[in-house]
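Data file: final.csv. Format and content: CSV, C-alpha atoms.
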chain,number,residue,atom,x,y,z
Q,6,MET,CA,32.5,-3.3,7.3
Q,7,THR,CA,31.2,-6.9,7.0
Q,8,PRO,CA,32.2,-8.4,3.6
Q,9,ARG,CA,29.3,-8.9,1.2
Q,10,THR,CA,31.0,-10.7,-1.7
Q,11,ASN,CA,33.4,-13.5,-1.9
Q,12,HIS,CA,36.1,-11.1,-3.2
Q,13,GLU,CA,35.6,-8.9,-0.2
Q,14,LEU,CA,35.7,-11.9,2.1
Q,15,TYR,CA,38.9,-13.2,0.5
Q,16,LEU,CA,40.6,-9.8,0.9
Q,17,ALA,CA,39.4,-9.5,4.5
Q,18,ILE,CA,40.8,-12.9,5.4
Q,19,CYS,CA,44.1,-12.0,3.7
Q,20,GLU,CA,44.3,-8.7,5.6
Q,21,ILE,CA,43.8,-10.7,8.8
Q,22,ALA,CA,46.6,-13.0,7.8
Q,23,ARG,CA,48.9,-10.1,7.0
Q,24,SER,CA,48.3,-8.0,10.1
Q,25,GLY,CA,48.2,-11.1,12.4
Q,26,ARG,CA,51.5,-12.3,11.0
Q,27,ASP,CA,53.1,-8.9,11.5
Q,28,ALA,CA,51.7,-8.4,15.0
Q,29,SER,CA,52.8,-11.9,16.0
Q,30,ARG,CA,56.4,-11.3,14.8
Q,31,GLN,CA,56.6,-8.1,16.9
Q,32,ALA,CA,55.0,-9.7,20.0
Q,33,HIS,CA,56.8,-13.0,20.0
Q,34,PRO,CA,60.3,-12.5,18.6
Q,35,SER,CA,61.5,-15.8,20.1
Q,36,GLN,CA,58.2,-17.7,20.7
Q,37,GLN,CA,58.5,-21.3,21.8
Q,38,ALA,CA,55.8,-23.9,21.7
Q,39,THR,CA,54.9,-26.0,24.7
Q,40,HIS,CA,57.6,-28.5,23.5
Q,41,GLY,CA,61.0,-27.4,22.2
Q,42,LEU,CA,61.8,-24.6,19.8
Q,43,HIS,CA,58.6,-24.9,17.8
Q,44,GLY,CA,59.1,-21.7,15.8
Q,45,GLU,CA,62.5,-22.9,14.7
Q,46,ALA,CA,61.4,-26.4,14.0
Q,47,SER,CA,58.5,-25.3,11.9
Q,48,GLY,CA,60.5,-22.8,10.0
Q,49,ASN,CA,58.4,-19.8,11.0
Q,50,PRO,CA,60.5,-16.6,10.3
Q,51,ASP,CA,61.1,-14.0,12.9
Q,52,GLY,CA,59.3,-15.8,15.7
Q,53,GLU,CA,55.9,-15.9,13.8
Q,54,ARG,CA,53.3,-17.8,15.7
Q,55,SER,CA,53.4,-21.5,14.6
Q,56,LEU,CA,50.4,-23.0,12.8
Q,57,GLU,CA,50.0,-25.5,15.6
Q,58,ASN,CA,49.7,-22.8,18.2
Q,59,TYR,CA,47.4,-20.8,15.9
Q,60,LEU,CA,45.0,-23.7,15.5
Q,61,LEU,CA,45.2,-24.4,19.2
Q,62,ALA,CA,44.1,-20.8,19.8
Q,63,ILE,CA,41.2,-21.1,17.3
Q,64,LEU,CA,40.1,-24.3,19.0
Q,65,GLY,CA,40.0,-22.6,22.4
Q,66,GLN,CA,38.2,-19.5,21.2
Q,67,SER,CA,35.7,-21.5,19.1
Q,68,ARG,CA,34.2,-23.3,22.2
Q,69,ALA,CA,32.2,-20.2,23.0
Q,70,PHE,CA,30.2,-20.9,19.9
Q,71,ALA,CA,29.8,-24.7,20.4
Q,72,ASP,CA,26.0,-24.5,20.9
Q,73,LYS,CA,25.4,-22.4,17.8
Q,74,PRO,CA,24.6,-24.2,14.5
Q,75,THR,CA,26.1,-21.3,12.5
Q,76,LEU,CA,28.4,-18.3,12.9
Q,77,THR,CA,27.9,-14.8,11.6
Q,78,VAL,CA,30.5,-13.5,9.2
Q,79,ASP,CA,31.9,-11.2,11.9
Q,80,GLU,CA,32.1,-14.1,14.4
Q,81,PHE,CA,33.9,-16.2,11.8
Q,82,LEU,CA,36.4,-13.4,11.0
Q,83,GLY,CA,36.8,-12.7,14.7
Q,84,LEU,CA,37.9,-16.2,15.4
Q,85,LEU,CA,40.5,-16.1,12.6
Q,86,SER,CA,41.8,-12.7,13.8
Q,87,GLY,CA,41.8,-13.5,17.5
Q,88,ALA,CA,43.8,-16.7,17.2
Q,89,PHE,CA,46.9,-14.7,16.4
Q,90,SER,CA,47.0,-13.3,19.9
Q,91,ALA,CA,44.8,-15.6,22.1
Q,92,GLU,CA,46.4,-18.1,24.4
Q,93,PRO,CA,46.7,-21.5,22.7
Q,94,LEU,CA,45.1,-24.5,24.4
Q,95,PRO,CA,47.6,-27.0,25.8
Q,96,PHE,CA,48.2,-30.0,23.5
Q,97,GLN,CA,46.5,-33.1,24.9
Q,98,THR,CA,48.1,-36.5,24.4
Q,99,LYS,CA,44.7,-38.2,24.2
Q,100,TRP,CA,44.1,-36.3,20.9
Q,101,ARG,CA,46.4,-38.8,19.2
Q,102,GLU,CA,43.7,-41.4,19.7
Q,103,PHE,CA,40.9,-39.3,18.1
Q,104,GLU,CA,39.4,-40.6,14.9
Q,105,GLU,CA,39.2,-38.1,12.0
Q,106,PRO,CA,35.6,-37.2,11.2
Q,107,ASP,CA,33.6,-39.3,8.7
Q,108,GLU,CA,33.1,-37.2,5.5
Q,109,ALA,CA,29.6,-38.6,5.2
Q,110,ARG,CA,28.7,-37.3,8.7
Q,111,SER,CA,26.7,-34.1,9.1
Q,112,PHE,CA,28.9,-31.3,10.3
Q,113,ASP,CA,28.2,-29.7,13.6
Q,114,PHE,CA,30.7,-28.1,16.0
Q,115,LYS,CA,31.9,-31.4,17.4
Q,116,THR,CA,32.7,-32.7,13.9
Q,117,TRP,CA,34.5,-29.4,13.0
Q,118,GLU,CA,36.4,-29.7,16.3
Q,119,SER,CA,37.5,-33.2,15.5
Q,120,LEU,CA,38.9,-32.0,12.1
Q,121,VAL,CA,40.9,-29.2,13.8
Q,122,ILE,CA,42.3,-31.6,16.4
Q,123,ALA,CA,43.3,-34.0,13.6
Q,124,GLN,CA,45.2,-31.1,11.9
Q,125,ILE,CA,46.9,-30.2,15.2
Q,126,VAL,CA,48.0,-33.8,15.8
Q,127,ASP,CA,49.3,-33.9,12.2
Q,128,LEU,CA,51.4,-30.8,12.8
Q,129,ARG,CA,52.7,-32.0,16.2
Q,130,GLU,CA,53.8,-35.4,14.7
Q,131,MET,CA,55.4,-33.7,11.6
Q,132,ASP,CA,57.3,-31.5,14.0
Q,133,GLU,CA,58.4,-34.5,16.1
Q,134,ASN,CA,59.7,-36.5,13.1
Q,135,GLY,CA,61.4,-33.5,11.5
Q,136,ASP,CA,59.1,-33.0,8.5
Q,137,LEU,CA,58.6,-29.3,9.4
Q,138,ARG,CA,62.3,-28.7,8.9
Q,139,ASN,CA,62.1,-29.9,5.3
Q,140,GLU,CA,62.8,-26.9,3.2
Q,141,TYR,CA,60.7,-28.3,0.3
Q,142,ARG,CA,57.6,-29.0,2.5
Q,143,TYR,CA,55.6,-26.2,0.8
Q,144,GLY,CA,55.7,-28.4,-2.4
Q,145,GLY,CA,53.6,-30.9,-0.5
Q,146,ILE,CA,54.4,-33.5,2.1
Q,147,ASP,CA,52.4,-36.3,3.8
Q,148,SER,CA,51.9,-36.4,7.5
Q,149,PRO,CA,52.8,-39.6,9.4
Q,150,ARG,CA,49.1,-40.4,9.2
Q,151,GLY,CA,49.0,-40.0,5.5
Q,152,ASN,CA,47.4,-36.6,5.1
Q,153,ARG,CA,48.6,-34.3,2.5
Q,154,TRP,CA,49.9,-30.8,3.6
Q,155,TYR,CA,50.9,-27.8,1.6
Q,156,ASN,CA,50.7,-24.9,4.1
Q,157,PHE,CA,52.6,-24.7,7.4
Q,158,ASP,CA,52.2,-21.1,8.7
Q,159,PRO,CA,49.1,-19.2,9.6
Q,160,ALA,CA,49.3,-16.6,6.8
Q,161,SER,CA,49.6,-19.1,4.0
Q,162,TYR,CA,47.1,-21.4,5.6
Q,163,LEU,CA,44.5,-18.6,5.7
Q,164,GLU,CA,45.1,-17.3,2.2
Q,165,CYS,CA,44.8,-20.8,0.7
Q,166,ALA,CA,41.8,-21.6,2.9
Q,167,ALA,CA,40.1,-18.5,1.5
Q,168,ALA,CA,41.1,-19.0,-2.1
Q,169,GLY,CA,40.1,-22.7,-2.0
Q,170,SER,CA,36.8,-22.3,-0.2
Q,171,VAL,CA,35.3,-19.0,-1.2
Q,172,GLY,CA,37.3,-18.1,-4.3
Q,173,GLY,CA,37.3,-14.3,-4.8
Q,174,TRP,CA,40.9,-13.8,-5.8
Q,175,GLU,CA,41.3,-11.4,-8.7
Q,176,PRO,CA,44.5,-10.5,-10.7
Q,177,GLY,CA,46.1,-7.5,-9.1
Q,178,ASP,CA,45.1,-8.5,-5.5
Q,179,ASP,CA,48.2,-7.9,-3.3
Q,180,THR,CA,48.1,-11.3,-1.7
Q,181,GLY,CA,51.0,-13.2,-3.2
Q,182,ARG,CA,48.8,-15.4,-5.4
Q,183,SER,CA,49.3,-15.5,-9.1
Q,184,PHE,CA,48.2,-17.5,-12.1
Q,185,VAL,CA,49.5,-21.1,-12.4
Q,186,PRO,CA,51.6,-21.3,-15.6
Q,187,GLY,CA,50.1,-23.5,-18.3
Q,188,PRO,CA,46.5,-24.8,-18.8
Q,189,CYS,CA,44.3,-25.6,-15.8
Q,190,LEU,CA,41.2,-27.7,-15.3
Q,191,ALA,CA,38.0,-25.6,-15.6
Q,192,MET,CA,34.3,-26.1,-16.1
Q,193,ASP,CA,32.6,-25.0,-19.3
Q,194,PRO,CA,29.0,-23.6,-19.4
Q,195,PHE,CA,27.6,-27.1,-19.8
Q,196,GLY,CA,29.3,-28.4,-16.7
Q,197,ASN,CA,32.1,-30.3,-18.4
Q,198,HIS,CA,35.6,-30.2,-17.2
Q,199,VAL,CA,38.0,-28.8,-19.8
Q,200,LEU,CA,41.6,-27.5,-20.0
Q,201,ALA,CA,41.8,-23.7,-20.3
Q,202,ASN,CA,44.2,-20.9,-19.9
Q,203,PRO,CA,43.8,-19.7,-16.3
Q,204,GLU,CA,43.7,-16.1,-17.4
Q,205,ASP,CA,40.6,-16.8,-19.5
Q,206,VAL,CA,38.7,-18.4,-16.6
Q,207,GLU,CA,36.2,-16.1,-15.0
Q,208,SER,CA,36.1,-15.7,-11.3
Q,209,PRO,CA,32.5,-15.2,-10.3
Q,210,GLN,CA,31.5,-12.6,-7.8
Q,211,LEU,CA,29.2,-14.3,-5.2
Q,212,GLU,CA,27.3,-13.0,-2.3
Q,213,VAL,CA,28.4,-14.1,1.1
Q,214,PRO,CA,25.6,-15.7,3.2
Q,215,ALA,CA,24.7,-14.1,6.5
Q,216,ASP,CA,25.3,-17.3,8.4
Q,217,ILE,CA,28.3,-19.6,8.1
Q,218,PRO,CA,27.6,-23.2,9.0
Q,219,TRP,CA,30.3,-25.5,10.6
Q,220,ALA,CA,30.4,-27.5,7.3
Q,221,PHE,CA,31.7,-24.5,5.5
Q,222,PHE,CA,34.2,-23.7,8.3
Q,223,ALA,CA,35.4,-27.4,8.0
Q,224,ASP,CA,35.9,-27.0,4.2
Q,225,PHE,CA,37.7,-23.7,4.9
Q,226,MET,CA,40.1,-25.5,7.3
Q,227,GLU,CA,40.7,-28.4,4.9
Q,228,CYS,CA,41.6,-25.9,2.1
Q,229,GLY,CA,44.0,-24.3,4.5
Q,230,GLN,CA,45.8,-27.6,4.7
Q,231,GLN,CA,45.6,-28.8,1.1
Q,232,TYR,CA,45.0,-25.9,-1.3
Q,233,GLU,CA,48.0,-24.5,-3.1
Would you give me this structure, written as structure tokens?
Amino acid sequence: MTPRTNHELYLAICEIARSGRDASRQAHPSQQATHGLHGEASGNPDGERSLENYLLAILGQSRAFADKPTLTVDEFLGLLSGAFSAEPLPFQTKWREFEEPDEARSFDFKTWESLVIAQIVDLREMDENGDLRNEYRYGGIDSPRGNRWYNFDPASYLECAAAGSVGGWEPGDDTGRSFVPGPCLAMDPFGNHVLANPEDVESPQLEVPADIPWAFFADFMECGQQYE
């Protein structure tokens, strides 16, 4: 069933992350990337598909929709799910010369594609310089190009992408997310930012639009990288 609220969409994405991770571990118990022992270097347990290969697979699948201004919710979820098993595109050295998209630019497929390529290059370079072997990397590290990263495997990337872009998490959801201890920054009814107990902050239920623009997909991917 197609998700109709942000809570349903959040749970659907988390289920994709969970089932994709489990299937990946069974299918690729000793998966290697196109260069070296990528699964070992990036710390993915039990041969889980690396985030670089996951994004390379999304990139390859997404090109079937390059001429569309928007995706349906089912197409969006299909890309996220299919990337756990689809063949990753080969990494291209010329991508290292790509410029990251200008935030002021309108987002179409090509802009979204540039953002994903920039993430892939970041992951490749963090692997090459040993950052992905840093046991404390999930506390946040900067890529050689200065971009902040908090998530380094497909499952945590997707959960944080969903929580950061659509919200929808509720206490009791079996997704590994919990309240941050101490006060958090929230918005009061008048639009002012205030400190509040996170358990007192309401999580609104929002309807999911029928069409998902590339700008939203870009925000989703950025949250996958940077949201905790």
Would you work out the distance separating CA of Pro159 (chain Q) from CA of Pro218 (chain Q), expressed in Å to one decimal?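 Computing the Euclidean distance for CA of Pro159 (chain Q) and CA of Pro218 (chain Q) yields 21.9 Å.
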Report the distance between CA of Pro203 (chain Q) and CA of Tyr232 (chain Q) in Å, rounded to one decimal place.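 That distance, rounded to one decimal, is 16.3 Å.
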Using all atoms listed in the file, give me every residue within 8 Å of (30.5, -10.7, -0.8) in file coordinates, as number ranges by chain. Q: 8-14, 210-213
Got a sec: who's within 10 Å of Ile125 (chain Q), counting all atoms listed in the file, leaving out chain neighbours fewer than 4 positions off, as a list in words? Leu56, Glu57, Asn58, Tyr59, Leu60, Leu61, Leu64, Phe96, Trp100, Arg101, Ser119, Leu120, Val121, Arg129, Glu130 and Met131 of chain Q
Dump as a compact mmCIF listing (two decimals), keeping the file's coordinate frame, selection limited to C-alpha atoms:
# COMPACT_ATOMS: atom_id res chain seq x y z
CA LEU Q 56 50.40 -23.00 12.80
CA GLU Q 57 50.00 -25.50 15.60
CA ASN Q 58 49.70 -22.80 18.20
CA TYR Q 59 47.40 -20.80 15.90
CA LEU Q 60 45.00 -23.70 15.50
CA LEU Q 61 45.20 -24.40 19.20
CA LEU Q 64 40.10 -24.30 19.00
CA PHE Q 96 48.20 -30.00 23.50
CA TRP Q 100 44.10 -36.30 20.90
CA ARG Q 101 46.40 -38.80 19.20
CA SER Q 119 37.50 -33.20 15.50
CA LEU Q 120 38.90 -32.00 12.10
CA VAL Q 121 40.90 -29.20 13.80
CA ARG Q 129 52.70 -32.00 16.20
CA GLU Q 130 53.80 -35.40 14.70
CA MET Q 131 55.40 -33.70 11.60
If you count all atoms listed in the file, which residues fall within 7 Å of Asp158 (chain Q), apart from same-chain ones fewer than 3 positions away, as an NGL selection string? :Q and (49 or 55-56 or 161-162)
Counting all atoms listed in the file, the option among Q:Leu82, Q:Leu94, Q:Cys228, Q:Ala201 closest to Leu16 (chain Q):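 The shortest atom-to-atom distance to Leu16 (chain Q) comes from Q:Leu82.
Residues of protein, DNA or RNA having at least one counted atom within 9 Å of (33.8, -26.1, 11.2), given all atoms listed in the file, are Phe112, Asp113, Phe114, Lys115, Thr116, Trp117, Glu118, Leu120, Val121, Pro218, Trp219, Ala220, Phe221, Phe222, Ala223, Asp224, Phe225 and Met226 of chain Q.
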